[in-house]
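Worksheet: one structure, shown below.
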Amino acid sequence: MAYWLLRSEPDVYGWDHLVRDSATEWDGVRNYTARNFLKDMAVGDRALFYHSNTEKAAIGIMEITRAWRPDGEKGDWASVAVKPVEKLPRPVTLAEMKAEPRLAKLEMLRQSRLSVTPLREEEWAVILEMARG
DNA sequence: GCCAACGTTGGC
DNA sequence: GCCAACGTTGGC
């Protein structure tokens with residue numbers, strides 16, 4: 001099982017939208033690096049839902065429910081299907097992640113503009129631990 | 001509103 | 001194929 005972090009602007013599509021929809025197609029990604037990560041995802045993988053922009057915090061846990069399929073008529077893009085698993089006990093903010101030494105190598109911190117990034121298993125555990133306070 | 005960090009595009 | 005110019009994104 002692999003771990004991922006998916007970023008979205010909460011005003012556009014946030015955690016509450018996902019819960020209301022009970023599942024969604026994670027599409028519209030138009031960056032090749034992010035696209036490649038989408039193609040690496042497998043059913044059962046876990047992903048953090050990160051709110052960018054206004055909130056800047058990881059807010060919930062999702063599960064990948066279907067591997068990638070082509071996204072859009074033009075170009076070699078991909079989308080996956082996800083569903084919400086649970087909201088984190090409390091959000092883990094970007095500032096907290098930056099301040100945590102064990103997250104120094106976190107991909108989303110190193111490549112802050114990527115909307116889809118992988119997490120190491122240890123990093124996943126650290127963030128969940130932080131969320132539990 | 002600004003800036004840093006990328007990614008993309010187009011001219012050569 | 002390289003590189004400058006430009007556009008986009010996210011954080012501050």
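Numbering starts fresh at 1 for the residues of each chain in the structure tokens, the chains themselves are lettered A, B, ... in the order given, and ligands are numbered from 1 as they appear.
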
Exercise answer, chain C residues close to chain A, 9 Å and only C-alpha atoms (C1' of nucleotides), as a VMD selection string: chain C and resid 9 to 11

May I have the selected residues written with N, CA and C atoms (P, O5', C5', C4', C3', O3' and C1' of nucleotides), as a short mmCIF file (atom, residue, chain, number, x, y, z; two decimals), in the first residue's frame?
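Below is the file that was written, out34.cif:
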```
data_model
loop_
_atom_site.label_atom_id
_atom_site.label_comp_id
_atom_site.auth_asym_id
_atom_site.auth_seq_id
_atom_site.Cartn_x
_atom_site.Cartn_y
_atom_site.Cartn_z
P DT C 9 -2.96 27.68 -12.46
"O5'" DT C 9 -2.18 27.37 -11.12
"C5'" DT C 9 -1.08 26.46 -11.14
"C4'" DT C 9 -0.38 26.54 -9.81
"C3'" DT C 9 -1.34 26.76 -8.64
"O3'" DT C 9 -1.18 25.66 -7.76
"C1'" DT C 9 0.49 28.28 -8.55
P DG C 10 -2.07 25.54 -6.46
"O5'" DG C 10 -1.09 26.13 -5.38
"C5'" DG C 10 0.16 25.51 -5.18
"C4'" DG C 10 0.88 26.24 -4.10
"C3'" DG C 10 0.01 26.52 -2.86
"O3'" DG C 10 0.73 26.13 -1.73
"C1'" DG C 10 0.94 28.55 -3.70
P DG C 11 0.17 26.25 -0.28
"O5'" DG C 11 1.10 27.40 0.29
"C5'" DG C 11 2.52 27.24 0.16
"C4'" DG C 11 3.19 28.52 0.57
"C3'" DG C 11 2.74 29.06 1.93
"O3'" DG C 11 3.89 29.40 2.65
"C1'" DG C 11 2.51 30.74 0.26
#
```

Quick one: everything within 10 Å of DT8 of chain B, counting only C-alpha atoms (C1' of nucleotides), minus sequence neighbours fewer than 6 positions away in the same chain. Send it as a PyMOL selection string. chain C and resi 6-8

Strand (DSSP E or B) positions in segment 43-116 of chain A, given as a short mmCIF file (atom, residue, chain, number, x, y, z; two decimals) with all heavy atoms, in the first residue's frame:
```
data_model
loop_
_atom_site.label_atom_id
_atom_site.label_comp_id
_atom_site.auth_asym_id
_atom_site.auth_seq_id
_atom_site.Cartn_x
_atom_site.Cartn_y
_atom_site.Cartn_z
N ARG A 46 -3.80 4.93 0.40
CA ARG A 46 -4.38 6.00 1.20
C ARG A 46 -3.83 7.35 0.77
O ARG A 46 -2.69 7.45 0.32
CB ARG A 46 -4.07 5.77 2.69
CG ARG A 46 -4.76 4.55 3.28
CD ARG A 46 -6.25 4.80 3.32
NE ARG A 46 -7.03 3.58 3.54
CZ ARG A 46 -7.66 3.32 4.68
NH1 ARG A 46 -7.58 4.14 5.71
NH2 ARG A 46 -8.39 2.23 4.80
N ALA A 47 -4.64 8.40 0.94
CA ALA A 47 -4.19 9.74 0.56
C ALA A 47 -4.71 10.77 1.55
O ALA A 47 -5.86 10.69 2.00
CB ALA A 47 -4.69 10.07 -0.85
N LEU A 48 -3.85 11.70 1.88
CA LEU A 48 -4.28 12.83 2.69
C LEU A 48 -4.95 13.86 1.79
O LEU A 48 -4.49 14.10 0.67
CB LEU A 48 -3.07 13.49 3.38
CG LEU A 48 -2.47 12.77 4.57
CD1 LEU A 48 -1.16 13.46 4.97
CD2 LEU A 48 -3.45 12.78 5.75
N PHE A 49 -6.01 14.43 2.28
CA PHE A 49 -6.65 15.54 1.58
C PHE A 49 -6.10 16.82 2.18
O PHE A 49 -6.29 17.09 3.36
CB PHE A 49 -8.17 15.47 1.78
CG PHE A 49 -8.97 16.31 0.81
CD1 PHE A 49 -10.06 15.77 0.13
CD2 PHE A 49 -8.65 17.64 0.59
CE1 PHE A 49 -10.81 16.53 -0.77
CE2 PHE A 49 -9.39 18.42 -0.30
CZ PHE A 49 -10.47 17.86 -0.98
N TYR A 50 -5.41 17.60 1.36
CA TYR A 50 -4.79 18.83 1.84
C TYR A 50 -5.51 20.04 1.25
O TYR A 50 -5.69 20.13 0.03
CB TYR A 50 -3.31 18.85 1.44
CG TYR A 50 -2.57 20.13 1.77
CD1 TYR A 50 -2.01 20.32 3.03
CD2 TYR A 50 -2.43 21.15 0.82
CE1 TYR A 50 -1.33 21.50 3.34
CE2 TYR A 50 -1.76 22.33 1.13
CZ TYR A 50 -1.21 22.50 2.39
OH TYR A 50 -0.54 23.66 2.69
N HIS A 51 -5.90 20.94 2.14
CA HIS A 51 -6.53 22.19 1.69
C HIS A 51 -5.46 23.24 1.48
O HIS A 51 -4.77 23.64 2.42
CB HIS A 51 -7.52 22.69 2.76
CG HIS A 51 -8.84 22.01 2.71
ND1 HIS A 51 -9.82 22.26 3.64
CD2 HIS A 51 -9.36 21.10 1.86
CE1 HIS A 51 -10.89 21.51 3.35
NE2 HIS A 51 -10.63 20.80 2.28
N ALA A 57 -3.68 23.13 5.29
CA ALA A 57 -3.60 22.05 6.27
C ALA A 57 -4.15 20.75 5.67
O ALA A 57 -5.06 20.78 4.84
CB ALA A 57 -4.40 22.41 7.52
N ALA A 58 -3.57 19.64 6.16
CA ALA A 58 -4.14 18.33 5.83
C ALA A 58 -5.36 18.16 6.72
O ALA A 58 -5.32 18.44 7.92
CB ALA A 58 -3.12 17.23 6.10
N ILE A 59 -6.45 17.72 6.11
CA ILE A 59 -7.71 17.72 6.86
C ILE A 59 -8.37 16.36 6.99
O ILE A 59 -9.11 16.11 7.94
CB ILE A 59 -8.69 18.74 6.25
CG1 ILE A 59 -9.94 18.90 7.10
CG2 ILE A 59 -9.05 18.35 4.83
CD1 ILE A 59 -10.60 20.22 6.97
N GLY A 60 -8.09 15.47 6.02
CA GLY A 60 -8.76 14.17 6.08
C GLY A 60 -8.00 13.08 5.35
O GLY A 60 -7.00 13.33 4.68
N ILE A 61 -8.51 11.87 5.52
CA ILE A 61 -7.92 10.70 4.87
C ILE A 61 -8.88 10.15 3.83
O ILE A 61 -10.07 10.03 4.07
CB ILE A 61 -7.63 9.59 5.91
CG1 ILE A 61 -6.60 10.10 6.93
CG2 ILE A 61 -7.14 8.31 5.23
CD1 ILE A 61 -6.41 9.15 8.10
N MET A 62 -8.30 9.84 2.67
CA MET A 62 -9.10 9.27 1.57
C MET A 62 -8.51 7.92 1.19
O MET A 62 -7.40 7.58 1.57
CB MET A 62 -9.03 10.18 0.34
CG MET A 62 -9.54 11.57 0.55
SD MET A 62 -9.50 12.53 -0.99
CE MET A 62 -7.77 12.94 -1.11
N GLU A 63 -9.30 7.17 0.43
CA GLU A 63 -8.82 5.91 -0.12
C GLU A 63 -8.98 5.95 -1.63
O GLU A 63 -9.97 6.46 -2.15
CB GLU A 63 -9.65 4.76 0.46
CG GLU A 63 -9.17 3.39 0.01
CD GLU A 63 -10.01 2.27 0.65
OE1 GLU A 63 -10.40 2.44 1.84
OE2 GLU A 63 -10.28 1.28 -0.03
N ILE A 64 -7.99 5.40 -2.31
CA ILE A 64 -8.08 5.27 -3.76
C ILE A 64 -8.98 4.07 -4.06
O ILE A 64 -8.70 2.97 -3.59
CB ILE A 64 -6.68 5.05 -4.40
CG1 ILE A 64 -5.67 6.09 -3.91
CG2 ILE A 64 -6.79 5.04 -5.92
CD1 ILE A 64 -6.04 7.53 -4.15
N THR A 65 -10.05 4.29 -4.81
CA THR A 65 -11.00 3.21 -5.05
C THR A 65 -10.96 2.66 -6.47
O THR A 65 -11.60 1.66 -6.77
CB THR A 65 -12.44 3.68 -4.76
OG1 THR A 65 -12.73 4.83 -5.55
CG2 THR A 65 -12.59 4.05 -3.28
N ARG A 66 -10.22 3.35 -7.34
CA ARG A 66 -10.05 2.83 -8.70
C ARG A 66 -8.75 3.38 -9.26
O ARG A 66 -8.45 4.56 -9.07
CB ARG A 66 -11.21 3.26 -9.61
CG ARG A 66 -11.32 2.41 -10.90
CD ARG A 66 -11.93 3.19 -12.07
NE ARG A 66 -11.08 4.30 -12.45
CZ ARG A 66 -11.46 5.58 -12.38
NH1 ARG A 66 -12.67 5.90 -11.97
NH2 ARG A 66 -10.63 6.54 -12.71
N ALA A 67 -8.01 2.55 -9.96
CA ALA A 67 -6.77 3.00 -10.59
C ALA A 67 -7.07 4.01 -11.70
O ALA A 67 -8.24 4.24 -12.04
CB ALA A 67 -5.99 1.82 -11.16
N TRP A 68 -6.03 4.57 -12.25
CA TRP A 68 -6.19 5.68 -13.19
C TRP A 68 -6.94 5.28 -14.47
O TRP A 68 -6.94 4.13 -14.88
CB TRP A 68 -4.84 6.26 -13.55
CG TRP A 68 -4.03 5.44 -14.52
CD1 TRP A 68 -3.25 4.35 -14.22
CD2 TRP A 68 -3.93 5.63 -15.93
NE1 TRP A 68 -2.69 3.85 -15.35
CE2 TRP A 68 -3.07 4.62 -16.43
CE3 TRP A 68 -4.47 6.55 -16.84
CZ2 TRP A 68 -2.74 4.51 -17.78
CZ3 TRP A 68 -4.16 6.44 -18.19
CH2 TRP A 68 -3.30 5.43 -18.65
N ARG A 69 -7.56 6.28 -15.05
CA ARG A 69 -8.12 6.14 -16.38
C ARG A 69 -7.84 7.46 -17.09
O ARG A 69 -7.55 8.47 -16.45
CB ARG A 69 -9.61 5.84 -16.32
CG ARG A 69 -10.49 7.03 -15.90
CD ARG A 69 -11.96 6.62 -15.93
NE ARG A 69 -12.80 7.76 -15.57
CZ ARG A 69 -14.04 7.65 -15.08
NH1 ARG A 69 -14.56 6.45 -14.88
NH2 ARG A 69 -14.74 8.71 -14.79
N PRO A 70 -7.94 7.49 -18.43
CA PRO A 70 -7.65 8.72 -19.16
C PRO A 70 -8.58 9.85 -18.73
O PRO A 70 -9.77 9.64 -18.48
CB PRO A 70 -7.90 8.34 -20.62
CG PRO A 70 -7.72 6.86 -20.66
CD PRO A 70 -8.23 6.37 -19.33
N ALA A 78 -4.50 11.73 -16.63
CA ALA A 78 -5.07 10.62 -15.86
C ALA A 78 -5.88 11.16 -14.68
O ALA A 78 -5.61 12.23 -14.15
CB ALA A 78 -3.96 9.70 -15.35
N SER A 79 -6.88 10.37 -14.29
CA SER A 79 -7.61 10.67 -13.07
C SER A 79 -7.83 9.36 -12.32
O SER A 79 -7.82 8.29 -12.92
CB SER A 79 -8.95 11.34 -13.38
OG SER A 79 -9.80 10.45 -14.07
N VAL A 80 -8.03 9.46 -11.00
CA VAL A 80 -8.34 8.28 -10.19
C VAL A 80 -9.64 8.55 -9.43
O VAL A 80 -10.10 9.69 -9.36
CB VAL A 80 -7.22 7.94 -9.18
CG1 VAL A 80 -5.92 7.62 -9.90
CG2 VAL A 80 -7.03 9.08 -8.18
N ALA A 81 -10.22 7.49 -8.87
CA ALA A 81 -11.41 7.66 -8.05
C ALA A 81 -11.02 7.55 -6.58
O ALA A 81 -10.17 6.73 -6.22
CB ALA A 81 -12.45 6.60 -8.40
N VAL A 82 -11.61 8.41 -5.76
CA VAL A 82 -11.32 8.39 -4.32
C VAL A 82 -12.61 8.46 -3.52
O VAL A 82 -13.66 8.86 -4.03
CB VAL A 82 -10.43 9.60 -3.91
CG1 VAL A 82 -9.11 9.58 -4.65
CG2 VAL A 82 -11.16 10.92 -4.15
N LYS A 83 -12.50 8.03 -2.27
CA LYS A 83 -13.62 8.20 -1.34
C LYS A 83 -13.06 8.66 0.00
O LYS A 83 -11.91 8.36 0.33
CB LYS A 83 -14.41 6.90 -1.19
CG LYS A 83 -13.66 5.83 -0.41
CD LYS A 83 -14.54 4.61 -0.17
CE LYS A 83 -13.79 3.56 0.67
NZ LYS A 83 -14.55 2.31 0.82
N PRO A 84 -13.85 9.37 0.78
CA PRO A 84 -13.39 9.80 2.10
C PRO A 84 -13.37 8.62 3.06
O PRO A 84 -14.25 7.76 2.99
CB PRO A 84 -14.43 10.84 2.54
CG PRO A 84 -15.66 10.48 1.78
CD PRO A 84 -15.21 9.86 0.48
N VAL A 85 -12.38 8.56 3.92
CA VAL A 85 -12.31 7.52 4.94
C VAL A 85 -12.64 8.14 6.30
O VAL A 85 -13.59 7.74 6.95
CB VAL A 85 -10.92 6.86 4.98
CG1 VAL A 85 -10.82 5.88 6.15
CG2 VAL A 85 -10.65 6.15 3.67
N GLU A 86 -11.86 9.12 6.70
CA GLU A 86 -12.20 9.82 7.93
C GLU A 86 -11.53 11.18 7.98
O GLU A 86 -10.49 11.40 7.38
CB GLU A 86 -11.77 9.01 9.17
CG GLU A 86 -10.29 8.74 9.22
CD GLU A 86 -9.89 7.93 10.46
OE1 GLU A 86 -10.66 7.95 11.43
OE2 GLU A 86 -8.83 7.30 10.44
N LYS A 87 -12.19 12.08 8.68
CA LYS A 87 -11.61 13.40 8.91
C LYS A 87 -10.55 13.24 9.99
O LYS A 87 -10.71 12.44 10.92
CB LYS A 87 -12.71 14.36 9.38
CG LYS A 87 -12.31 15.81 9.31
CD LYS A 87 -13.52 16.72 9.56
CE LYS A 87 -13.13 18.18 9.38
NZ LYS A 87 -14.31 19.06 9.46
N LEU A 88 -9.45 13.98 9.87
CA LEU A 88 -8.44 13.92 10.92
C LEU A 88 -9.01 14.52 12.20
O LEU A 88 -9.85 15.42 12.15
CB LEU A 88 -7.19 14.72 10.49
CG LEU A 88 -6.41 14.14 9.30
CD1 LEU A 88 -5.27 15.08 8.92
CD2 LEU A 88 -5.87 12.76 9.62
N PRO A 89 -8.58 13.99 13.36
CA PRO A 89 -9.06 14.54 14.64
C PRO A 89 -8.89 16.05 14.71
O PRO A 89 -9.73 16.76 15.26
CB PRO A 89 -8.17 13.83 15.67
CG PRO A 89 -7.74 12.57 15.01
CD PRO A 89 -7.64 12.89 13.54
N ARG A 90 -7.78 16.52 14.15
CA ARG A 90 -7.61 17.96 13.95
C ARG A 90 -6.72 18.16 12.74
O ARG A 90 -5.90 17.29 12.42
CB ARG A 90 -7.01 18.62 15.19
CG ARG A 90 -5.60 18.19 15.49
CD ARG A 90 -4.97 19.04 16.58
NE ARG A 90 -3.52 18.79 16.66
CZ ARG A 90 -2.63 19.37 15.87
NH1 ARG A 90 -3.01 20.26 14.96
NH2 ARG A 90 -1.35 19.08 15.98
N PRO A 91 -6.86 19.29 12.04
CA PRO A 91 -6.03 19.52 10.86
C PRO A 91 -4.56 19.64 11.24
O PRO A 91 -4.24 20.13 12.32
CB PRO A 91 -6.54 20.88 10.32
CG PRO A 91 -7.87 21.08 10.94
CD PRO A 91 -7.81 20.40 12.27
N VAL A 92 -3.69 19.19 10.36
CA VAL A 92 -2.25 19.37 10.55
C VAL A 92 -1.80 20.43 9.56
O VAL A 92 -1.89 20.23 8.34
CB VAL A 92 -1.49 18.05 10.33
CG1 VAL A 92 0.01 18.27 10.49
CG2 VAL A 92 -1.97 16.99 11.31
N THR A 93 -1.35 21.55 10.08
CA THR A 93 -1.07 22.69 9.22
C THR A 93 0.29 22.57 8.53
O THR A 93 1.18 21.84 8.99
CB THR A 93 -1.07 24.01 10.01
OG1 THR A 93 0.02 23.99 10.94
CG2 THR A 93 -2.38 24.18 10.77
N VAL A 116 -0.10 16.61 -6.51
CA VAL A 116 -0.13 15.19 -6.15
C VAL A 116 1.28 14.78 -5.77
O VAL A 116 2.19 14.87 -6.59
CB VAL A 116 -0.61 14.31 -7.33
CG1 VAL A 116 -0.68 12.85 -6.91
CG2 VAL A 116 -1.96 14.79 -7.84
#
```

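Atom to atom, atom CA of Gly72 of chain A and atom CA of Trp26 of chain A stand 12.2 Å apart.
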
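The neighbours of Met97 of chain A here are the residues that come within 12 Å of it, using only C-alpha atoms (C1' of nucleotides) and leaving out any residue fewer than 3 positions away in the same chain; they are A:Tyr50, A:Lys56, A:Ala57, A:Ala58, A:Pro91, A:Val92, A:Thr93, A:Leu94, A:Glu100, A:Pro101, A:Arg102, A:Leu103, A:Ala104, A:Lys105, A:Leu106, A:Glu107, A:Met108, A:Leu109, A:Arg110, A:Glu123, A:Trp124, A:Val126, A:Ile127, A:Leu128, A:Glu129, A:Met130, A:Ala131.
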
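From atom CA of Glu25 of chain A back to atom C1' of DA5 of chain B, the distance works out to 28.2 Å.
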
For DC12 of chain C, the closest of A:Lys39, A:Glu122, A:Ala95, A:Thr117 counting only C-alpha atoms (C1' of nucleotides) is A:Ala95
